[in-house]
Amino acid sequence: MDSNSLASMVREKGLDVFERMFRAVELVQERLNRACKALCEAQIPYAVVGGNAVAAWVATIDDGAVRNTRDVDLLLAEEDLPRATDALQTAGFIRDEVMGTVVFLDGPDGKPSQGLHILLAGRKVRPEYVSPTPNVDQAIEINQKRIVELQALVEMKLNSYRRKDQTHLQDMIQIGLIDTSWPSRFPTQLGERLQLLLDDPDG
């Protein structure tokens with residue numbers, strides 16, 4: 001569909017595109033707040049990871065460089081998953097499983113792509129990853145939320161190394177969160193990936 005056809009469809013349906021865009025961002029924040037509050041009240045250790053963790057770290061330096069994300073990624077210890085399930089379901093989320101990943105949908109009409117995605121601490125997300133996920137205690141509190149430590153987050157992004165992970169890493173490089181001293185902190189393969197991005201941060 002070309003630009004004119006899309007614009008025509010928007011007019012015919014009376015869509016407020018900007019309202020939809022802003023609301024989508026608000027919903028992600030609301031889910032993040034609700035999930036973190038539920039886990040905190042249940043005294044369950046967790047860490048925010050993924051795009052929201054990147055956004056939090058980037059915002060400490062430059063809020064204008066923050067990117068939005070559509071889901072919420074949380075790190076939990078496997079032994080805490082049953083208690084976390086109870087806490088999150090009490091907060092309105094519904095446990096499901098998508099391609100082997102535990103996902104909490106936001107209500108009966110929730111979409112997996114917009115839910116809470118759970119990563120288990122100390123596990124490789126995929127067999128081919130170089131290193132496992134961090135432990136839940138590798139987190140610091142920022143504005144009443146437990147955010148995974150910066151070095152652990154960078155290692156997770158280097159393991160995944162999808163296009164969006166590379167973009168997140170480039171964002172952190174460009175604002176000075178990551179510098180030329182960082183590649184040596186990681187296993188060789190991951191350090192080499194980071195060095196490539198440092199050599200060409202706009203690539």
# chains A, B, ... in the order shown; residues from 1 in each chain; ligands from 1
$ residues_around --residues "range 77-81 of chain A" --least-positions-apart "4" --cutoff "7 Å" --atoms "only C-alpha atoms" --output "list in words"
Ile44, Thr85, Leu120, Ala121 and Val136 of chain A
$ select_by_dssp --residues "range 35-196 of chain A" --states "helix (DSSP H, G or I)" --output "PyMOL selection string"
chain A and resi 35-41+50-59+63-65+78-90+112-114+150-160+163-174+183-185+188-196
$ write_last_selection --atoms "C-alpha atoms" --output "short mmCIF file (atom, residue, chain, number, x, y, z; two decimals), in the first residue's frame"
data_model
loop_
_atom_site.label_atom_id
_atom_site.label_comp_id
_atom_site.auth_asym_id
_atom_site.auth_seq_id
_atom_site.Cartn_x
_atom_site.Cartn_y
_atom_site.Cartn_z
CA ALA A 35 4.46 -5.36 36.85
CA CYS A 36 7.32 -3.85 38.86
CA LYS A 37 4.95 -2.74 41.61
CA ALA A 38 3.40 -6.22 41.84
CA LEU A 39 6.80 -7.93 42.08
CA CYS A 40 8.09 -5.39 44.58
CA GLU A 41 5.05 -5.76 46.84
CA GLY A 50 15.60 -5.30 27.11
CA GLY A 51 14.48 -2.07 25.50
CA ASN A 52 13.13 -0.51 28.69
CA ALA A 53 16.46 -1.06 30.46
CA VAL A 54 18.27 0.54 27.53
CA ALA A 55 15.85 3.48 27.66
CA ALA A 56 16.43 3.92 31.39
CA TRP A 57 20.22 3.96 31.02
CA VAL A 58 20.10 6.25 27.97
CA ALA A 59 17.78 8.65 29.83
CA ASP A 63 16.45 11.83 27.31
CA GLY A 64 16.27 12.97 23.70
CA ALA A 65 18.05 9.79 22.60
CA GLU A 78 13.50 -19.70 38.00
CA GLU A 79 12.63 -20.61 41.58
CA ASP A 80 10.68 -17.36 41.92
CA LEU A 81 8.55 -17.94 38.82
CA PRO A 82 5.58 -19.54 40.67
CA ARG A 83 5.35 -16.66 43.15
CA ALA A 84 5.87 -14.14 40.36
CA THR A 85 3.05 -15.76 38.41
CA ASP A 86 0.69 -15.30 41.36
CA ALA A 87 1.74 -11.69 41.83
CA LEU A 88 1.45 -10.76 38.16
CA GLN A 89 -1.88 -12.53 37.70
CA THR A 90 -3.23 -10.62 40.68
CA PRO A 112 2.08 -11.60 23.09
CA SER A 113 4.06 -8.91 21.27
CA GLN A 114 2.83 -6.34 23.80
CA LEU A 150 24.77 -1.55 32.47
CA GLN A 151 27.57 -4.06 31.77
CA ALA A 152 25.16 -7.00 32.11
CA LEU A 153 22.71 -5.28 29.77
CA VAL A 154 25.40 -4.66 27.16
CA GLU A 155 26.43 -8.32 27.33
CA MET A 156 22.81 -9.39 26.78
CA LYS A 157 22.59 -7.13 23.74
CA LEU A 158 25.86 -8.48 22.36
CA ASN A 159 24.59 -12.04 22.76
CA SER A 160 21.32 -11.32 20.91
CA ARG A 163 19.41 -5.38 14.28
CA LYS A 164 17.54 -3.71 17.15
CA ASP A 165 20.19 -4.84 19.63
CA GLN A 166 22.89 -3.30 17.47
CA THR A 167 20.86 -0.09 17.30
CA HIS A 168 20.53 -0.02 21.09
CA LEU A 169 24.28 -0.53 21.45
CA GLN A 170 24.97 2.24 18.93
CA ASP A 171 22.71 4.57 20.91
CA MET A 172 24.68 3.84 24.08
CA ILE A 173 27.98 4.35 22.26
CA GLN A 174 26.89 7.67 20.78
CA PRO A 183 35.33 -4.76 24.49
CA SER A 184 37.89 -6.28 26.86
CA ARG A 185 35.19 -6.75 29.51
CA THR A 188 36.26 -12.63 22.85
CA GLN A 189 33.38 -13.10 20.39
CA LEU A 190 31.22 -10.54 22.13
CA GLY A 191 34.11 -8.12 22.47
CA GLU A 192 34.74 -8.37 18.73
CA ARG A 193 31.10 -7.57 18.02
CA LEU A 194 31.28 -4.49 20.21
CA GLN A 195 34.54 -3.39 18.62
CA LEU A 196 32.89 -3.47 15.19
#
$ closest_residue --among "A:Pro201, A:Val125, A:Pro132, A:Asp71" --to "Val103 in chain A" --atoms "only C-alpha atoms"
A:Asp71
$ select_by_dssp --residues "range 89-183 of chain A" --states "strand (DSSP E or B)" --output "VMD selection string"
chain A and resid 93 to 98 101 to 106 116 to 120 139 to 142 145 to 148
$ write_last_selection --atoms "C-alpha atoms" --output "PDB file, in the first residue's frame"
ATOM      1  CA  PHE A  93      -1.740 -10.295  33.673  1.00  0.00           C
ATOM      2  CA  ILE A  94      -2.410 -13.770  32.239  1.00  0.00           C
ATOM      3  CA  ARG A  95       0.384 -16.317  31.968  1.00  0.00           C
ATOM      4  CA  ASP A  96       0.976 -17.902  28.579  1.00  0.00           C
ATOM      5  CA  GLU A  97       3.868 -19.487  26.712  1.00  0.00           C
ATOM      6  CA  VAL A  98       5.017 -18.507  23.224  1.00  0.00           C
ATOM      7  CA  THR A 101       9.116 -18.291  26.409  1.00  0.00           C
ATOM      8  CA  VAL A 102       6.916 -17.417  29.375  1.00  0.00           C
ATOM      9  CA  VAL A 103       4.783 -14.398  28.485  1.00  0.00           C
ATOM     10  CA  PHE A 104       2.236 -12.556  30.580  1.00  0.00           C
ATOM     11  CA  LEU A 105      -0.542 -11.096  28.475  1.00  0.00           C
ATOM     12  CA  ASP A 106      -2.205  -7.889  29.579  1.00  0.00           C
ATOM     13  CA  LEU A 116       5.618  -9.159  29.662  1.00  0.00           C
ATOM     14  CA  HIS A 117       8.387 -11.418  28.366  1.00  0.00           C
ATOM     15  CA  ILE A 118      10.165 -13.376  31.084  1.00  0.00           C
ATOM     16  CA  LEU A 119      13.838 -14.349  30.886  1.00  0.00           C
ATOM     17  CA  LEU A 120      15.235 -16.758  33.445  1.00  0.00           C
ATOM     18  CA  ALA A 139      20.577  -4.811  39.146  1.00  0.00           C
ATOM     19  CA  ILE A 140      20.415  -1.352  40.630  1.00  0.00           C
ATOM     20  CA  GLU A 141      17.400   0.678  41.680  1.00  0.00           C
ATOM     21  CA  ILE A 142      16.512   3.630  39.480  1.00  0.00           C
ATOM     22  CA  LYS A 145      12.529   0.053  39.658  1.00  0.00           C
ATOM     23  CA  ARG A 146      15.255  -2.582  39.530  1.00  0.00           C
ATOM     24  CA  ILE A 147      17.193  -2.074  36.283  1.00  0.00           C
ATOM     25  CA  VAL A 148      19.828  -4.563  35.153  1.00  0.00           C
TER      26      VAL A 148
END
$ closest_residue --among "A:Met99, A:Phe186, A:Arg23, A:Leu76" --to "Arg123 in chain A" --atoms "only C-alpha atoms"
A:Leu76
$ residues_around --residues "Asp137 in chain A" --least-positions-apart "5" --cutoff "9 Å" --atoms "only C-alpha atoms" --output "short mmCIF file (atom, residue, chain, number, x, y, z; two decimals) with N, CA and C atoms, in the first residue's frame"
data_model
loop_
_atom_site.label_atom_id
_atom_site.label_comp_id
_atom_site.auth_asym_id
_atom_site.auth_seq_id
_atom_site.Cartn_x
_atom_site.Cartn_y
_atom_site.Cartn_z
N PRO A 45 12.61 -10.66 43.82
CA PRO A 45 13.69 -9.99 43.08
C PRO A 45 13.46 -10.11 41.57
N TYR A 46 13.76 -9.05 40.86
CA TYR A 46 13.60 -9.03 39.40
C TYR A 46 14.56 -7.99 38.85
N ALA A 47 14.69 -7.95 37.54
CA ALA A 47 15.43 -6.87 36.88
C ALA A 47 14.75 -6.56 35.56
N VAL A 148 18.61 -3.76 35.27
CA VAL A 148 19.83 -4.56 35.15
C VAL A 148 21.05 -3.65 35.01
#
$ atom_distance --atom1 "CA of Leu75 in chain A" --atom2 "CA of Gln138 in chain A"
10.2 Å
